[in-house]
$ cat model-v6.txt   # compact mmCIF, C-alpha atoms
# COMPACT_ATOMS: atom_id res chain seq x y z
CA MET A 1222 124.72 186.60 40.34
CA LEU A 1223 126.49 185.07 37.34
CA THR A 1224 124.86 186.41 34.20
CA LYS A 1225 124.10 184.73 30.89
CA ARG A 1226 126.50 185.93 28.22
CA ILE A 1227 125.57 187.35 24.84
CA ILE A 1228 128.44 186.72 22.45
CA ALA A 1229 128.86 188.41 19.08
CA CYS A 1230 130.54 186.21 16.50
CA LEU A 1231 132.49 187.54 13.56
CA ASP A 1232 132.95 184.99 10.77
CA MET A 1233 135.97 186.15 8.81
CA ASP A 1234 136.98 185.37 5.24
CA GLY A 1235 140.09 186.95 3.73
CA GLY A 1236 140.25 189.64 6.43
CA ARG A 1237 136.58 190.68 6.12
CA VAL A 1238 133.60 189.77 8.29
CA VAL A 1239 131.03 187.74 6.32
CA LYS A 1240 127.77 185.95 7.04
CA GLY A 1241 126.01 183.16 5.21
CA VAL A 1242 123.16 180.72 5.64
CA ARG A 1243 124.15 177.18 6.62
CA PHE A 1244 127.81 178.04 5.92
CA LYS A 1245 126.96 179.16 2.33
CA ASN A 1246 126.00 182.33 0.38
CA LEU A 1247 128.44 184.64 2.14
CA ARG A 1248 127.69 188.39 2.44
CA ASP A 1249 130.17 191.10 3.44
CA ALA A 1250 129.56 192.59 6.92
CA GLY A 1251 132.62 194.76 7.49
CA ASP A 1252 136.07 195.13 9.09
CA PRO A 1253 136.68 192.79 12.07
CA ALA A 1254 138.29 195.38 14.39
CA ALA A 1255 135.55 197.93 13.72
CA CYS A 1256 132.78 195.30 14.12
CA ALA A 1257 134.27 194.00 17.40
CA THR A 1258 134.59 197.45 18.96
CA ALA A 1259 131.07 198.40 17.89
CA HIS A 1260 129.58 195.19 19.34
CA ALA A 1261 131.45 195.65 22.65
CA ALA A 1262 130.25 199.25 22.91
CA ASN A 1263 126.73 198.00 22.24
CA GLY A 1264 126.84 195.54 25.15
CA ALA A 1265 128.34 192.31 23.77
CA ASP A 1266 129.78 190.34 26.69
CA GLU A 1267 132.38 188.67 24.54
CA ILE A 1268 133.66 188.62 20.96
CA VAL A 1269 134.46 185.52 18.90
CA LEU A 1270 136.40 185.83 15.65
CA LEU A 1271 136.26 182.72 13.44
CA ASP A 1272 138.40 182.44 10.34
CA ILE A 1273 136.00 180.30 8.30
CA THR A 1274 138.29 179.71 5.34
CA ALA A 1275 141.52 179.30 7.29
CA THR A 1276 144.40 177.99 5.24
CA SER A 1277 148.13 178.23 5.84
CA GLY A 1278 148.23 180.93 3.15
CA ASN A 1279 146.14 183.41 5.07
CA ARG A 1280 147.53 182.88 8.60
CA ARG A 1281 149.16 186.28 8.37
CA THR A 1282 145.80 187.87 7.48
CA LEU A 1283 144.21 186.24 10.53
CA LEU A 1284 147.00 187.22 12.93
CA ASP A 1285 146.91 190.77 11.62
CA ALA A 1286 143.14 190.92 12.16
CA VAL A 1287 143.55 189.50 15.69
CA ARG A 1288 146.20 192.11 16.55
CA ARG A 1289 144.11 195.00 15.24
CA THR A 1290 140.95 193.74 16.95
CA ALA A 1291 142.61 193.04 20.32
CA ARG A 1292 144.22 196.46 20.53
CA SER A 1293 141.14 198.34 21.71
CA LEU A 1294 138.95 195.49 22.98
CA PHE A 1295 138.59 195.08 26.75
CA VAL A 1296 136.12 192.22 26.89
CA PRO A 1297 137.03 188.54 26.40
CA PHE A 1298 138.18 187.76 22.86
CA THR A 1299 138.15 184.25 21.36
CA VAL A 1300 139.75 183.32 18.05
CA GLY A 1301 139.19 180.16 16.01
CA GLY A 1302 139.81 178.72 12.57
CA GLY A 1303 142.71 176.65 11.32
CA ILE A 1304 144.37 176.16 14.73
CA ARG A 1305 145.98 172.71 14.41
CA SER A 1306 148.88 172.76 16.88
CA LEU A 1307 150.17 174.26 20.11
CA GLU A 1308 152.34 176.59 17.98
CA ASP A 1309 149.30 177.83 16.01
CA ALA A 1310 147.52 178.50 19.32
CA ALA A 1311 150.56 180.29 20.77
CA SER A 1312 150.75 182.63 17.76
CA VAL A 1313 147.07 183.54 18.15
CA PHE A 1314 147.49 184.19 21.90
CA ASP A 1315 150.58 186.22 21.14
CA ALA A 1316 148.55 188.35 18.72
CA GLY A 1317 146.13 189.20 21.54
CA ALA A 1318 143.45 186.48 21.85
CA ASP A 1319 142.29 185.49 25.35
CA LYS A 1320 140.92 182.13 24.27
CA ILE A 1321 141.25 179.93 21.20
CA ALA A 1322 138.53 177.78 19.68
CA ILE A 1323 139.49 174.46 18.13
CA ASN A 1324 137.22 172.17 16.18
CA SER A 1325 138.57 169.75 13.53
CA ALA A 1326 142.03 169.54 15.11
CA ALA A 1327 140.54 168.57 18.48
CA VAL A 1328 138.54 165.77 16.87
CA SER A 1329 141.57 164.31 15.08
CA ASP A 1330 143.90 164.83 18.07
CA PRO A 1331 141.97 165.23 21.34
CA ALA A 1332 145.24 165.42 23.32
CA LEU A 1333 145.82 168.82 21.66
CA ILE A 1334 143.14 170.20 24.05
CA GLY A 1335 145.27 169.19 27.02
CA ARG A 1336 148.51 170.47 25.48
CA ILE A 1337 147.06 173.95 24.93
CA ALA A 1338 145.31 173.92 28.34
CA GLY A 1339 148.56 172.83 29.99
CA ARG A 1340 150.37 175.91 28.72
CA PHE A 1341 147.63 178.57 28.63
CA GLY A 1342 145.07 177.20 31.11
CA SER A 1343 141.74 175.45 30.51
CA GLN A 1344 139.94 178.80 30.61
CA ALA A 1345 141.70 179.64 27.33
CA VAL A 1346 140.53 176.56 25.43
CA VAL A 1347 137.10 176.49 23.79
CA VAL A 1348 136.19 173.32 21.93
CA ALA A 1349 133.81 174.10 19.08
CA ILE A 1350 131.41 171.36 18.06
CA ASP A 1351 129.31 171.52 14.87
CA ALA A 1352 126.38 169.15 15.26
CA LYS A 1353 123.59 168.01 12.96
CA LYS A 1354 120.64 165.79 13.79
CA ILE A 1355 120.79 162.53 11.85
CA ASP A 1356 118.40 159.64 12.56
CA GLY A 1357 117.46 161.05 15.95
CA THR A 1358 121.00 161.60 17.27
CA PHE A 1359 123.36 164.57 17.08
CA ALA A 1360 126.34 163.84 14.83
CA VAL A 1361 129.60 165.80 14.88
CA PHE A 1362 130.86 167.38 11.65
CA VAL A 1363 134.23 169.01 10.96
CA ALA A 1364 135.93 171.03 8.22
CA GLY A 1365 133.32 173.78 8.28
CA GLY A 1366 130.45 171.29 8.37
CA ARG A 1367 131.58 169.39 5.27
CA VAL A 1368 132.92 166.16 6.82
CA SER A 1369 131.01 163.74 9.07
CA THR A 1370 133.08 162.23 11.90
CA GLY A 1371 130.74 159.49 13.07
CA ARG A 1372 130.99 160.89 16.59
CA ASN A 1373 128.06 161.69 18.86
CA ALA A 1374 128.00 165.34 19.97
CA ILE A 1375 127.04 164.67 23.60
CA GLN A 1376 129.71 162.02 24.03
CA TRP A 1377 132.32 164.20 22.31
CA ALA A 1378 131.48 167.17 24.56
CA ARG A 1379 132.07 164.97 27.63
CA GLU A 1380 135.41 163.77 26.24
CA ALA A 1381 136.51 167.31 25.34
CA ALA A 1382 135.77 168.44 28.90
CA ALA A 1383 137.75 165.50 30.28
CA PHE A 1384 140.71 166.43 28.04
CA GLY A 1385 140.76 169.91 29.59
CA ALA A 1386 138.41 172.12 27.55
CA GLY A 1387 137.21 175.18 29.47
CA GLU A 1388 134.05 175.76 27.45
CA ILE A 1389 132.02 174.15 24.65
CA LEU A 1390 130.88 176.25 21.69
CA LEU A 1391 128.00 174.22 20.31
CA THR A 1392 126.68 175.04 16.85
CA SER A 1393 123.54 173.52 15.42
CA MET A 1394 124.21 173.14 11.68
CA ASP A 1395 120.49 172.64 11.10
CA ARG A 1396 119.73 176.08 12.54
CA ASP A 1397 122.86 178.08 11.65
CA GLY A 1398 121.97 181.24 9.75
CA THR A 1399 118.27 180.39 9.54
CA GLN A 1400 117.15 182.74 12.36
CA SER A 1401 114.54 180.10 13.26
CA GLY A 1402 115.63 179.72 16.91
CA PHE A 1403 118.37 177.80 18.75
CA ASP A 1404 118.21 174.01 18.93
CA CYS A 1405 117.21 173.80 22.61
CA GLU A 1406 117.09 170.00 22.54
CA LEU A 1407 120.75 169.79 21.45
CA VAL A 1408 121.89 172.54 23.83
CA SER A 1409 120.17 171.18 26.94
CA ALA A 1410 121.43 167.66 26.26
CA VAL A 1411 125.04 168.87 26.11
CA ALA A 1412 124.65 171.41 28.96
CA GLN A 1413 123.43 168.66 31.28
CA ALA A 1414 126.18 166.26 30.18
CA VAL A 1415 129.13 168.51 31.10
CA SER A 1416 130.00 170.74 34.05
CA ILE A 1417 131.83 173.33 31.94
CA PRO A 1418 129.93 176.25 30.36
CA VAL A 1419 128.12 175.66 27.06
CA ILE A 1420 127.75 178.41 24.48
CA ALA A 1421 124.74 177.89 22.21
CA SER A 1422 125.12 178.87 18.57
CA GLY A 1423 123.08 178.66 15.40
CA GLY A 1424 119.57 179.93 14.80
CA ALA A 1425 119.32 183.20 16.74
CA GLY A 1426 116.58 185.34 15.24
CA SER A 1427 114.73 187.13 18.02
CA ALA A 1428 114.85 187.94 21.73
CA ARG A 1429 112.40 185.08 22.31
CA ASP A 1430 114.98 182.63 20.89
CA PHE A 1431 117.55 183.79 23.44
CA ILE A 1432 115.03 183.54 26.31
CA GLU A 1433 114.22 179.97 25.24
CA VAL A 1434 117.83 178.83 24.95
CA PHE A 1435 118.61 180.18 28.43
CA HIS A 1436 115.49 178.75 30.07
CA GLN A 1437 114.73 175.52 28.17
CA GLY A 1438 118.17 175.05 26.64
CA ARG A 1439 120.06 175.67 29.91
CA ALA A 1440 122.78 177.47 27.95
CA ASP A 1441 125.39 179.51 29.84
CA ALA A 1442 125.95 181.81 26.89
CA ALA A 1443 124.45 182.35 23.46
CA LEU A 1444 126.27 183.39 20.34
CA ALA A 1445 124.96 185.06 17.23
CA ALA A 1446 126.37 186.77 14.20
CA SER A 1447 124.08 187.85 11.41
CA ILE A 1448 121.32 189.40 13.48
CA PHE A 1449 123.82 191.71 15.13
CA HIS A 1450 125.70 192.71 11.97
CA PHE A 1451 122.73 193.88 10.02
CA GLY A 1452 121.02 195.64 12.90
CA ILE A 1453 118.00 193.35 13.01
CA GLU A 1454 118.55 193.02 16.72
CA ASN A 1455 120.45 195.58 18.73
CA ILE A 1456 122.41 193.91 21.56
CA ALA A 1457 121.55 196.57 24.14
CA GLN A 1458 117.85 196.25 23.27
CA LEU A 1459 118.07 192.45 23.32
CA LYS A 1460 119.60 192.55 26.81
CA GLY A 1461 116.82 194.84 28.00
CA GLU A 1462 114.25 192.31 26.79
CA LEU A 1463 116.13 189.44 28.45
CA HIS A 1464 116.29 191.41 31.70
CA HIS A 1465 112.51 191.89 31.63
CA ALA A 1466 112.06 188.15 30.98
CA ARG A 1467 114.08 187.53 34.20
CA VAL A 1468 117.14 186.16 32.41
CA PRO A 1469 120.14 187.47 34.39
CA VAL A 1470 122.25 189.58 32.03
CA ARG A 1471 124.90 192.28 32.35
CA TRP A 1472 122.42 195.11 32.22
CA PRO A 1473 122.76 198.01 31.99
CA CYS A 1474 126.17 197.47 30.46
CA MET B 883 157.34 201.97 36.03
CA ILE B 884 154.92 199.09 36.69
CA ALA B 885 156.41 195.59 36.46
CA ILE B 886 154.08 192.81 35.27
CA VAL B 887 155.54 189.59 36.65
CA ASP B 888 155.93 186.88 34.00
CA TYR B 889 156.30 183.48 35.64
CA GLY B 890 154.95 181.45 32.71
CA ALA B 891 151.32 181.27 33.88
CA GLY B 892 149.47 182.04 30.69
CA ASN B 893 149.15 184.99 28.46
CA LEU B 894 150.01 188.44 29.80
CA ASN B 895 149.25 190.43 26.64
CA SER B 896 145.79 191.50 27.75
CA VAL B 897 147.04 192.87 31.07
CA LYS B 898 149.84 194.79 29.38
CA LYS B 899 147.50 196.08 26.68
CA ALA B 900 145.07 197.47 29.27
CA PHE B 901 147.85 199.37 31.07
CA ASP B 902 149.18 200.60 27.71
CA HIS B 903 145.69 201.88 26.92
CA LEU B 904 145.71 203.84 30.21
CA GLY B 905 149.05 205.40 29.24
CA ALA B 906 150.93 203.69 32.09
CA GLN B 907 154.60 202.74 31.74
CA VAL B 908 154.74 198.97 32.04
CA VAL B 909 157.28 196.24 31.53
CA VAL B 910 156.58 192.51 31.37
CA THR B 911 159.47 190.74 33.04
CA ASP B 912 160.67 187.46 34.52
CA GLN B 913 163.72 189.14 36.13
CA PRO B 914 163.61 189.48 39.95
CA GLU B 915 165.89 192.55 39.75
CA LEU B 916 163.45 194.40 37.49
CA VAL B 917 160.52 193.48 39.75
CA ALA B 918 162.47 194.65 42.79
CA ALA B 919 163.27 197.96 41.08
CA ALA B 920 159.70 198.74 39.94
CA ASP B 921 157.49 201.41 41.53
CA LYS B 922 154.49 199.10 41.38
CA ILE B 923 154.10 195.38 40.75
CA VAL B 924 151.33 193.41 39.05
CA LEU B 925 151.15 189.66 39.67
CA PRO B 926 148.77 188.22 37.06
CA GLY B 927 148.19 184.56 36.27
CA VAL B 928 145.60 182.11 35.10
CA GLY B 929 145.43 178.36 35.32
CA HIS B 930 146.54 175.90 37.96
CA PHE B 931 147.81 176.96 41.41
CA SER B 932 150.89 174.78 40.81
CA SER B 933 152.14 177.30 38.23
CA LEU B 934 152.89 179.61 41.18
CA GLY B 935 155.71 177.18 41.96
CA ALA B 936 157.72 179.07 39.34
CA LEU B 937 157.80 182.11 41.65
CA TYR B 938 159.83 180.10 44.17
CA ARG B 939 162.12 178.48 41.58
CA THR B 940 163.05 181.83 40.04
CA GLY B 941 163.38 183.96 43.18
CA LEU B 942 160.51 186.17 42.02
CA HIS B 943 158.72 185.45 45.33
CA GLU B 944 161.50 187.27 47.21
CA ALA B 945 161.31 190.26 44.87
CA LEU B 946 157.54 190.34 45.51
CA ARG B 947 157.96 190.05 49.29
CA ASP B 948 160.59 192.78 49.26
CA GLY B 949 158.28 195.03 47.23
CA ILE B 950 155.42 194.41 49.66
CA SER B 951 157.66 195.10 52.70
CA ALA B 952 158.91 198.29 51.05
CA GLN B 953 155.25 199.46 50.88
CA ARG B 954 155.17 199.43 47.09
CA PRO B 955 151.68 198.86 45.65
CA VAL B 956 151.24 195.27 44.48
CA LEU B 957 148.18 194.07 42.53
CA GLY B 958 147.41 190.36 42.26
CA ILE B 959 145.00 189.33 39.51
CA CYS B 960 143.15 185.97 39.57
CA LEU B 961 145.82 183.37 40.49
CA GLY B 962 148.01 186.30 41.58
CA MET B 963 145.43 187.28 44.19
CA GLN B 964 145.09 183.67 45.34
CA TRP B 965 148.85 183.63 46.04
CA PHE B 966 148.29 186.29 48.74
CA PHE B 967 146.34 183.67 50.77
CA GLU B 968 147.84 180.74 52.68
CA GLY B 969 147.46 178.27 49.83
CA SER B 970 144.95 176.39 47.75
CA GLU B 971 143.29 173.00 47.78
CA GLU B 972 144.20 172.89 44.09
CA CYS B 973 147.85 172.22 44.96
CA SER B 974 148.78 171.73 48.61
CA GLU B 975 152.55 171.53 47.94
CA ILE B 976 152.83 175.16 46.85
CA PRO B 977 152.40 177.66 49.71
CA GLY B 978 150.79 181.03 49.32
CA ALA B 979 152.30 184.22 50.73
CA GLY B 980 149.99 184.10 53.76
CA ILE B 981 149.23 187.83 53.71
CA PHE B 982 145.53 187.00 54.09
CA PRO B 983 144.24 184.05 56.14
CA GLY B 984 142.62 180.95 54.72
CA ARG B 985 142.97 178.70 51.70
CA CYS B 986 141.38 178.75 48.26
CA ARG B 987 138.75 176.10 47.68
CA GLN B 988 136.68 174.61 44.87
CA PHE B 989 133.13 175.76 44.17
CA PRO B 990 130.33 173.53 45.48
CA SER B 991 129.16 170.85 43.03
CA SER B 992 125.72 172.49 42.86
CA VAL B 993 127.08 175.16 40.47
CA LYS B 994 128.98 175.03 37.18
CA SER B 995 132.74 175.08 37.46
CA PRO B 996 134.78 176.83 36.20
CA HIS B 997 132.89 180.01 37.12
CA VAL B 998 133.05 181.81 33.78
CA GLY B 999 131.38 185.07 32.89
CA TRP B 1000 130.22 188.43 34.15
CA ASN B 1001 129.10 188.47 37.76
CA SER B 1002 128.03 191.38 39.93
CA LEU B 1003 130.52 192.69 42.45
CA ILE B 1004 129.06 193.74 45.79
CA VAL B 1005 131.24 196.52 47.17
CA GLN B 1006 131.55 195.79 50.90
CA LYS B 1007 133.67 198.68 52.07
CA SER B 1008 135.38 201.73 50.71
CA SER B 1009 138.82 201.10 49.28
CA ARG B 1010 141.36 202.75 47.06
CA LEU B 1011 141.16 200.12 44.32
CA LEU B 1012 137.35 200.14 44.02
CA GLN B 1013 137.02 203.89 44.43
CA GLY B 1014 134.22 205.18 42.19
CA ILE B 1015 133.04 201.67 41.27
CA ALA B 1016 129.26 201.47 41.51
CA GLN B 1017 127.53 198.87 43.67
CA ASP B 1018 126.64 195.74 41.63
CA SER B 1019 129.03 196.56 38.81
CA PHE B 1020 129.67 193.60 36.50
CA VAL B 1021 133.15 192.10 36.24
CA TYR B 1022 134.49 189.15 34.24
CA TYR B 1023 135.59 186.02 36.09
CA THR B 1024 137.14 182.76 34.92
CA HIS B 1025 138.34 180.41 37.69
CA SER B 1026 137.61 177.08 39.40
CA PHE B 1027 138.92 177.89 42.89
CA HIS B 1028 137.95 180.86 45.06
CA ALA B 1029 139.46 182.74 47.97
CA PRO B 1030 137.54 182.95 51.27
CA GLN B 1031 135.83 186.03 52.63
CA VAL B 1032 138.31 187.82 54.93
CA THR B 1033 138.33 191.13 56.80
CA ALA B 1034 140.36 192.59 53.91
CA THR B 1035 137.56 191.76 51.43
CA THR B 1036 136.41 194.95 49.73
CA GLY B 1037 134.14 193.35 47.11
CA ALA B 1038 132.42 189.98 46.94
CA SER B 1039 130.53 187.92 44.38
CA GLU B 1040 128.25 184.90 44.66
CA HIS B 1041 128.45 181.59 42.81
CA GLY B 1042 126.99 178.85 44.97
CA LEU B 1043 128.57 180.73 47.90
CA TRP B 1044 130.03 184.17 48.59
CA PHE B 1045 133.72 184.57 47.87
CA ALA B 1046 136.28 187.37 47.84
CA GLY B 1047 136.18 189.23 44.53
CA ALA B 1048 138.54 191.98 45.68
CA VAL B 1049 140.82 192.34 48.70
CA GLU B 1050 142.90 195.23 49.95
CA ARG B 1051 145.16 195.92 52.90
CA ASP B 1052 147.63 198.79 52.92
CA ASN B 1053 149.69 198.41 49.74
CA VAL B 1054 148.44 194.93 48.82
CA PHE B 1055 145.55 194.78 46.33
CA GLY B 1056 143.94 191.70 44.82
CA VAL B 1057 141.13 190.95 42.39
CA GLN B 1058 139.83 187.49 41.52
CA PHE B 1059 138.18 188.80 38.36
CA HIS B 1060 139.98 190.10 35.27
CA PRO B 1061 139.91 193.90 35.22
CA GLU B 1062 141.68 193.85 31.84
CA LYS B 1063 138.63 192.02 30.43
CA SER B 1064 135.90 193.80 32.40
CA GLY B 1065 135.25 196.69 30.03
CA ASP B 1066 135.11 200.24 31.39
CA VAL B 1067 134.63 199.06 34.99
CA GLY B 1068 137.84 197.05 34.82
CA LEU B 1069 139.79 199.89 33.20
CA SER B 1070 138.64 202.22 36.03
CA ILE B 1071 139.97 199.74 38.59
CA LEU B 1072 143.33 199.52 36.83
CA LYS B 1073 143.42 203.31 36.61
CA ASN B 1074 142.84 203.47 40.38
CA PHE B 1075 145.83 201.17 40.85
CA CYS B 1076 147.97 203.38 38.62
CA GLU B 1077 147.03 206.34 40.83
CA VAL B 1078 147.50 204.87 44.33
$ encode --input "model-v6.txt" --output "structure tokens"
Amino acid sequence: MLTKRIIACLDMDGGRVVKGVRFKNLRDAGDPAACATAHAANGADEIVLLDITATSGNRRTLLDAVRRTARSLFVPFTVGGGIRSLEDAASVFDAGADKIAINSAAVSDPALIGRIAGRFGSQAVVVAIDAKKIDGTFAVFVAGGRVSTGRNAIQWAREAAAFGAGEILLTSMDRDGTQSGFDCELVSAVAQAVSIPVIASGGAGSARDFIEVFHQGRADAALAASIFHFGIENIAQLKGELHHARVPVRWPC
Amino acid sequence: MIAIVDYGAGNLNSVKKAFDHLGAQVVVTDQPELVAAADKIVLPGVGHFSSLGALYRTGLHEALRDGISAQRPVLGICLGMQWFFEGSEECSEIPGAGIFPGRCRQFPSSVKSPHVGWNSLIVQKSSRLLQGIAQDSFVYYTHSFHAPQVTATTGASEHGLWFAGAVERDNVFGVQFHPEKSGDVGLSILKNFCEV
């Protein structure tokens, strides 16, 4: 039986893993390669590395971190942040990523999804969507949550899938970093709108939150960062609790 | 020396990295002569079945067929395994090698496609590739089309239906999942291939 994935996310700034609340107040959480290996050993089904302050100046820092992280990681590895072109994507794949995540660049040039999928396969293209509830609908934001696009998240997820995305990484900006639970309303709306897998992100705080997002939210995978870094929730223990709640997970792993 | 066949279907770094980790001597190549000269051959590949067309344009298909006839171990991964079948509904113009009967088909609409994630592998019979792999081990899949169950199936998984997760006959080995991304289980499978 296909299991629900638990994905550990590493937000990286200047070569270090950091974590903040609602994209602010960043705290240091360690070296990306060391964090990734530790999470994989602890049962993470997948690792995502997001360069949250990606600029052209620190591309080399990102690629170096990707190379070091990929070297001893034998679970799927996704990299995002500042990927604006097929060439950017190719350099990240070349450094050892299995998938790339694109956000702002996909919104401004949706055909980029198809160009990357055409060369590396749809399975290698994750479209990341940052959504925030405004006046009862879910609005899409870009540039690390700073810029509103006027797009509707559910509609944009459908379009991204049609352009060739292999998965949607859906972050609730309202819940990100708050540890108050995933936004199951947002996740289930998107999961039912597309046939590709949806990764829920933003708000993980307890095992109960994961159980809810898999049952009510219909998520295919759930991603979290801060709770794993600071040992509030151990991934192996979390998977044990999910297993007992009859959520299919890779357990024991 | 193990030759990893590069025919332009996606990123081969992960496959090479896993063999490097196991201490195997590997070369990634698009040269038919190098493939023909290798002790073992790995045919990886992700994406659309049409990308296998490059095998025919470059002559790599002949190097692969020669290697198989010469009883050299050949491992197909994902799209590489699908090539061992007669073809795929994904692209009817490109033939498969026809080593195993049947064509690859899409998953039923009742389940999510692509099939992405860790699924349990039911070991159906003893084989060299899956030697020492525990029943119900988890392996990582990412694909939209699946190969049918055949007599050469050694391991199967379920996603709306049962499909071939691993096949083996004589010197031909195939896995639909990605051993290079399946943690310790996957590394054990690749190690088995290195040792056949």
$ interface_residues --input "model-v6.txt" --of "chain B" --to "chain A" --cutoff "8 Å" --atoms "all atoms listed in the file" --output "PyMOL selection string"
chain B and resi 891-893+895-896+899-900+903+928-930+994-996+998-1002+1020+1024-1025+1039-1041+1062-1066
$ write_last_selection --input "model-v6.txt" --atoms "C-alpha atoms" --output "PDB file, in the coordinates of the input"
ATOM      1  CA  ALA B 891     151.320 181.270  33.880  1.00  0.00           C
ATOM      2  CA  GLY B 892     149.470 182.040  30.690  1.00  0.00           C
ATOM      3  CA  ASN B 893     149.150 184.990  28.460  1.00  0.00           C
ATOM      4  CA  ASN B 895     149.250 190.430  26.640  1.00  0.00           C
ATOM      5  CA  SER B 896     145.790 191.500  27.750  1.00  0.00           C
ATOM      6  CA  LYS B 899     147.500 196.080  26.680  1.00  0.00           C
ATOM      7  CA  ALA B 900     145.070 197.470  29.270  1.00  0.00           C
ATOM      8  CA  HIS B 903     145.690 201.880  26.920  1.00  0.00           C
ATOM      9  CA  VAL B 928     145.600 182.110  35.100  1.00  0.00           C
ATOM     10  CA  GLY B 929     145.430 178.360  35.320  1.00  0.00           C
ATOM     11  CA  HIS B 930     146.540 175.900  37.960  1.00  0.00           C
ATOM     12  CA  LYS B 994     128.980 175.030  37.180  1.00  0.00           C
ATOM     13  CA  SER B 995     132.740 175.080  37.460  1.00  0.00           C
ATOM     14  CA  PRO B 996     134.780 176.830  36.200  1.00  0.00           C
ATOM     15  CA  VAL B 998     133.050 181.810  33.780  1.00  0.00           C
ATOM     16  CA  GLY B 999     131.380 185.070  32.890  1.00  0.00           C
ATOM     17  CA  TRP B1000     130.220 188.430  34.150  1.00  0.00           C
ATOM     18  CA  ASN B1001     129.100 188.470  37.760  1.00  0.00           C
ATOM     19  CA  SER B1002     128.030 191.380  39.930  1.00  0.00           C
ATOM     20  CA  PHE B1020     129.670 193.600  36.500  1.00  0.00           C
ATOM     21  CA  THR B1024     137.140 182.760  34.920  1.00  0.00           C
ATOM     22  CA  HIS B1025     138.340 180.410  37.690  1.00  0.00           C
ATOM     23  CA  SER B1039     130.530 187.920  44.380  1.00  0.00           C
ATOM     24  CA  GLU B1040     128.250 184.900  44.660  1.00  0.00           C
ATOM     25  CA  HIS B1041     128.450 181.590  42.810  1.00  0.00           C
ATOM     26  CA  GLU B1062     141.680 193.850  31.840  1.00  0.00           C
ATOM     27  CA  LYS B1063     138.630 192.020  30.430  1.00  0.00           C
ATOM     28  CA  SER B1064     135.900 193.800  32.400  1.00  0.00           C
ATOM     29  CA  GLY B1065     135.250 196.690  30.030  1.00  0.00           C
ATOM     30  CA  ASP B1066     135.110 200.240  31.390  1.00  0.00           C
TER      31      ASP B1066
END
$ atom_distance --input "model-v6.txt" --atom1 "CA of Phe966 in chain B" --atom2 "CA of Gly1014 in chain B"
24.4 Å
$ atom_distance --input "model-v6.txt" --atom1 "CA of Arg1396 in chain A" --atom2 "CA of Ala1378 in chain A"
19.0 Å
$ residues_around --input "model-v6.txt" --residues "Ile1420 in chain A" --least-positions-apart "4" --cutoff "10 Å" --atoms "only C-alpha atoms" --output "number ranges by chain"
A: 1225-1228, 1347, 1349, 1388-1392, 1408, 1412, 1434, 1439-1444
$ closest_residue --input "model-v6.txt" --among "B:Phe982, B:Tyr938, B:Phe1075, B:Trp965" --to "Pro926 in chain B" --atoms "only C-alpha atoms"
B:Trp965
$ atom_distance --input "model-v6.txt" --atom1 "CA of Val1300 in chain A" --atom2 "CA of Val1269 in chain A"
5.8 Å
$ closest_residue --input "model-v6.txt" --among "B:Val1078, B:Ile976, B:Val887, B:Val1067" --to "Asp1018 in chain B" --atoms "all atoms listed in the file"
B:Val1067
$ closest_residue --input "model-v6.txt" --among "B:Arg987, B:Ile981, B:Glu915, B:Met883" --to "Glu944 in chain B" --atoms "all atoms listed in the file"
B:Glu915
$ residues_near_point --input "model-v6.txt" --point "(148.2, 199.2, 51.7)" --cutoff "10 Å" --atoms "all atoms listed in the file" --output "PyMOL selection string"
chain B and resi 950+953-956+1009-1010+1050-1055+1078
$ residues_around --input "model-v6.txt" --residues "Gly1235 in chain A" --least-positions-apart "3" --cutoff "10 Å" --atoms "all atoms listed in the file" --output "ChimeraX atom specification"
/A:1238-1239,1272-1275,1279-1280,1282-1283,1286
$ axis_aligned_box --input "model-v6.txt" --around "range 998-1010 of chain B" --padding-each-side "3 Å" --output "lines of an AutoDock Vina configuration file"
center_x = 134.7
center_y = 192.3
center_z = 42.5
size_x = 19.3
size_y = 26.9
size_z = 25.2
$ residues_around --input "model-v6.txt" --residues "Phe1027 in chain B" --least-positions-apart "6" --cutoff "7 Å" --atoms "all atoms listed in the file" --output "PyMOL selection string"
chain B and resi 986-989
$ write_last_selection --input "model-v6.txt" --atoms "C-alpha atoms" --output "compact mmCIF listing (two decimals), in the frame of the given file"
# COMPACT_ATOMS: atom_id res chain seq x y z
CA CYS B 986 141.38 178.75 48.26
CA ARG B 987 138.75 176.10 47.68
CA GLN B 988 136.68 174.61 44.87
CA PHE B 989 133.13 175.76 44.17
$ closest_residue --input "model-v6.txt" --among "B:Asp912, B:Asp921, B:Asp902, B:Glu971" --to "Leu957 in chain B" --atoms "all atoms listed in the file"
B:Asp921
$ closest_residue --input "model-v6.txt" --among "A:Asn1455, A:Ala1265, A:Ser1325, A:Asp1285" --to "Ser1312 in chain A" --atoms "all atoms listed in the file"
A:Asp1285
